[in-house]
Amino acid sequence: MKKIGLLIVMFAFLISCSNDDSSNKADTGITDYYGKWVQYNEPKNDDPSSNQYSYIFNKDNTFSKTRVYENINVTLTGTFEIITKDNLTRFVLTYKEKKDNAFISSCGGGLIESFTLDKSAKLIDDARACDAGFVFKKSN
């Protein structure tokens, strides 16, 4: 009887010490980051300014950010890199020039913008730390 009890304890110990990495990984379902990403807002938001921004990420690591509001288009361009580390995917964008301080979403006011890809396959603006962040989803 002691042997069976010892086997049960050892089995329970082995199960409790196992590491299931699959639950820790960010399963975004997106493997192709290139293309158009559009501003995403909750369906209850009817404000026309709530979907004025979009990004296009090109395979040559260039991007363009466009703002369309009240029939005025503003576009800035630059380069980007995708960094994957510790199960996080980040997009780091560097603009060529700074035309409009409010157009580049950065807490520091520089030429760099960054986003984190969340588990629901949305790009979350890292400037949310200073109340300037938006959310983007990949357009079909």
# chains A, B, ... in the order shown; residues from 1 in each chain; ligands from 1
$ residues_around --residues "A:Glu97" --least-positions-apart "3" --cutoff "10 Å" --atoms "only C-alpha atoms" --output "PDB file with N, CA and C atoms, in the first residue's frame"
ATOM      1  N   LEU A  76       2.628  60.486 -43.670  1.00  0.00           N
ATOM      2  CA  LEU A  76       4.042  60.484 -43.309  1.00  0.00           C
ATOM      3  C   LEU A  76       4.605  59.102 -43.600  1.00  0.00           C
ATOM      4  N   THR A  77       5.892  59.025 -43.880  1.00  0.00           N
ATOM      5  CA  THR A  77       6.512  57.748 -44.201  1.00  0.00           C
ATOM      6  C   THR A  77       7.772  57.549 -43.374  1.00  0.00           C
ATOM      7  N   GLY A  78       8.249  56.321 -43.404  1.00  0.00           N
ATOM      8  CA  GLY A  78       9.482  55.999 -42.703  1.00  0.00           C
ATOM      9  C   GLY A  78       9.809  54.534 -42.842  1.00  0.00           C
ATOM     10  N   THR A  94      10.174  54.408 -37.412  1.00  0.00           N
ATOM     11  CA  THR A  94      11.005  55.605 -37.396  1.00  0.00           C
ATOM     12  C   THR A  94      10.613  56.467 -38.592  1.00  0.00           C
ATOM     13  N   ASP A 100       4.356  67.185 -38.133  1.00  0.00           N
ATOM     14  CA  ASP A 100       3.282  67.567 -37.227  1.00  0.00           C
ATOM     15  C   ASP A 100       3.479  66.820 -35.908  1.00  0.00           C
ATOM     16  N   GLY A 110       9.414  62.401 -30.170  1.00  0.00           N
ATOM     17  CA  GLY A 110      10.455  62.195 -31.172  1.00  0.00           C
ATOM     18  C   GLY A 110       9.925  61.633 -32.477  1.00  0.00           C
ATOM     19  N   LEU A 111      10.820  61.038 -33.233  1.00  0.00           N
ATOM     20  CA  LEU A 111      10.494  60.478 -34.544  1.00  0.00           C
ATOM     21  C   LEU A 111      10.188  58.983 -34.496  1.00  0.00           C
TER      22      LEU A 111
END
$ residues_around --residues "stretch 120-123 of chain A" --least-positions-apart "4" --cutoff "12 Å" --atoms "only C-alpha atoms" --output "compact mmCIF listing (two decimals) with N, CA and C atoms, in the first residue's frame"
# COMPACT_ATOMS: atom_id res chain seq x y z
N ALA A 26 2.03 34.12 -27.01
CA ALA A 26 1.04 35.02 -27.60
C ALA A 26 0.61 34.45 -28.95
N ASP A 27 -0.54 33.81 -28.96
CA ASP A 27 -1.05 33.22 -30.20
C ASP A 27 -1.92 34.25 -30.89
N THR A 28 -1.33 35.02 -31.77
CA THR A 28 -2.05 36.11 -32.40
C THR A 28 -2.80 35.69 -33.64
N GLY A 29 -2.42 34.56 -34.24
CA GLY A 29 -3.08 34.14 -35.46
C GLY A 29 -2.63 34.92 -36.68
N ILE A 30 -1.72 35.86 -36.53
CA ILE A 30 -1.23 36.64 -37.67
C ILE A 30 0.23 36.31 -37.88
N THR A 31 0.56 35.90 -39.08
CA THR A 31 1.95 35.64 -39.42
C THR A 31 2.42 36.60 -40.50
N ASP A 32 1.49 37.22 -41.20
CA ASP A 32 1.82 38.19 -42.24
C ASP A 32 1.48 39.58 -41.73
N TYR A 33 2.49 40.31 -41.32
CA TYR A 33 2.28 41.63 -40.74
C TYR A 33 2.13 42.72 -41.79
N LYS A 36 -2.27 46.63 -44.90
CA LYS A 36 -2.93 47.79 -44.29
C LYS A 36 -3.50 47.43 -42.92
N TRP A 37 -3.27 48.32 -41.97
CA TRP A 37 -3.83 48.23 -40.62
C TRP A 37 -4.67 49.48 -40.41
N VAL A 38 -5.88 49.31 -39.93
CA VAL A 38 -6.80 50.43 -39.75
C VAL A 38 -7.12 50.62 -38.28
N GLN A 39 -7.43 51.84 -37.94
CA GLN A 39 -7.76 52.17 -36.55
C GLN A 39 -9.01 51.40 -36.15
N TYR A 40 -8.96 50.81 -34.98
CA TYR A 40 -10.06 49.99 -34.47
C TYR A 40 -10.64 50.65 -33.22
N ASN A 41 -11.93 50.74 -33.18
CA ASN A 41 -12.62 51.29 -32.02
C ASN A 41 -13.80 50.41 -31.67
N SER A 54 -4.55 55.18 -40.44
CA SER A 54 -4.23 53.84 -40.95
C SER A 54 -2.74 53.77 -41.25
N TYR A 55 -2.23 52.55 -41.27
CA TYR A 55 -0.83 52.29 -41.59
C TYR A 55 -0.77 51.27 -42.72
N ILE A 82 10.35 44.83 -36.97
CA ILE A 82 9.51 44.00 -36.11
C ILE A 82 10.44 43.23 -35.19
N LEU A 88 6.66 38.45 -27.12
CA LEU A 88 6.04 39.73 -27.49
C LEU A 88 6.54 40.14 -28.86
N THR A 89 5.62 40.67 -29.66
CA THR A 89 5.98 41.20 -30.97
C THR A 89 5.74 42.69 -30.95
N ARG A 90 6.79 43.45 -31.25
CA ARG A 90 6.70 44.91 -31.26
C ARG A 90 7.06 45.44 -32.63
N PHE A 91 6.35 46.46 -33.05
CA PHE A 91 6.65 47.19 -34.27
C PHE A 91 7.29 48.51 -33.82
N VAL A 92 8.46 48.82 -34.33
CA VAL A 92 9.13 50.08 -34.01
C VAL A 92 9.26 50.86 -35.32
N GLU A 113 7.81 55.75 -33.13
CA GLU A 113 6.52 55.28 -32.64
C GLU A 113 6.65 53.78 -32.44
N SER A 114 5.95 53.21 -31.46
CA SER A 114 6.02 51.76 -31.28
C SER A 114 4.65 51.19 -30.92
N PHE A 115 4.48 49.92 -31.30
CA PHE A 115 3.24 49.20 -31.07
C PHE A 115 3.56 47.80 -30.57
N THR A 116 2.64 47.22 -29.81
CA THR A 116 2.76 45.85 -29.37
C THR A 116 1.60 45.07 -29.94
N ALA A 127 2.06 54.41 -26.92
CA ALA A 127 1.88 55.76 -26.37
C ALA A 127 0.65 55.83 -25.46
N ARG A 128 0.01 54.70 -25.25
CA ARG A 128 -1.15 54.70 -24.34
C ARG A 128 -0.72 55.08 -22.92
N GLY A 133 -2.66 56.72 -27.08
CA GLY A 133 -2.62 55.49 -27.83
C GLY A 133 -3.90 55.13 -28.56
N PHE A 134 -3.71 54.44 -29.68
CA PHE A 134 -4.80 53.91 -30.48
C PHE A 134 -4.61 52.41 -30.64
N VAL A 135 -5.64 51.76 -31.18
CA VAL A 135 -5.60 50.33 -31.46
C VAL A 135 -5.85 50.16 -32.96
N PHE A 136 -5.12 49.22 -33.58
CA PHE A 136 -5.26 48.99 -35.01
C PHE A 136 -5.45 47.49 -35.26
N LYS A 137 -6.24 47.17 -36.30
CA LYS A 137 -6.41 45.78 -36.70
C LYS A 137 -6.08 45.67 -38.19
N LYS A 138 -5.66 44.48 -38.57
CA LYS A 138 -5.28 44.26 -39.97
C LYS A 138 -6.53 44.27 -40.84
N SER A 139 -6.44 45.01 -41.93
CA SER A 139 -7.55 45.11 -42.87
C SER A 139 -7.52 43.92 -43.81
$ closest_residue --among "A:Thr66, A:Cys107, A:Asp131, A:Asp118" --to "A:Asn87" --atoms "only C-alpha atoms"
A:Asp118
$ closest_residue --among "A:Ser105, A:Thr84, A:Phe57, A:Val68" --to "A:Ile124" --atoms "only C-alpha atoms"
A:Ser105
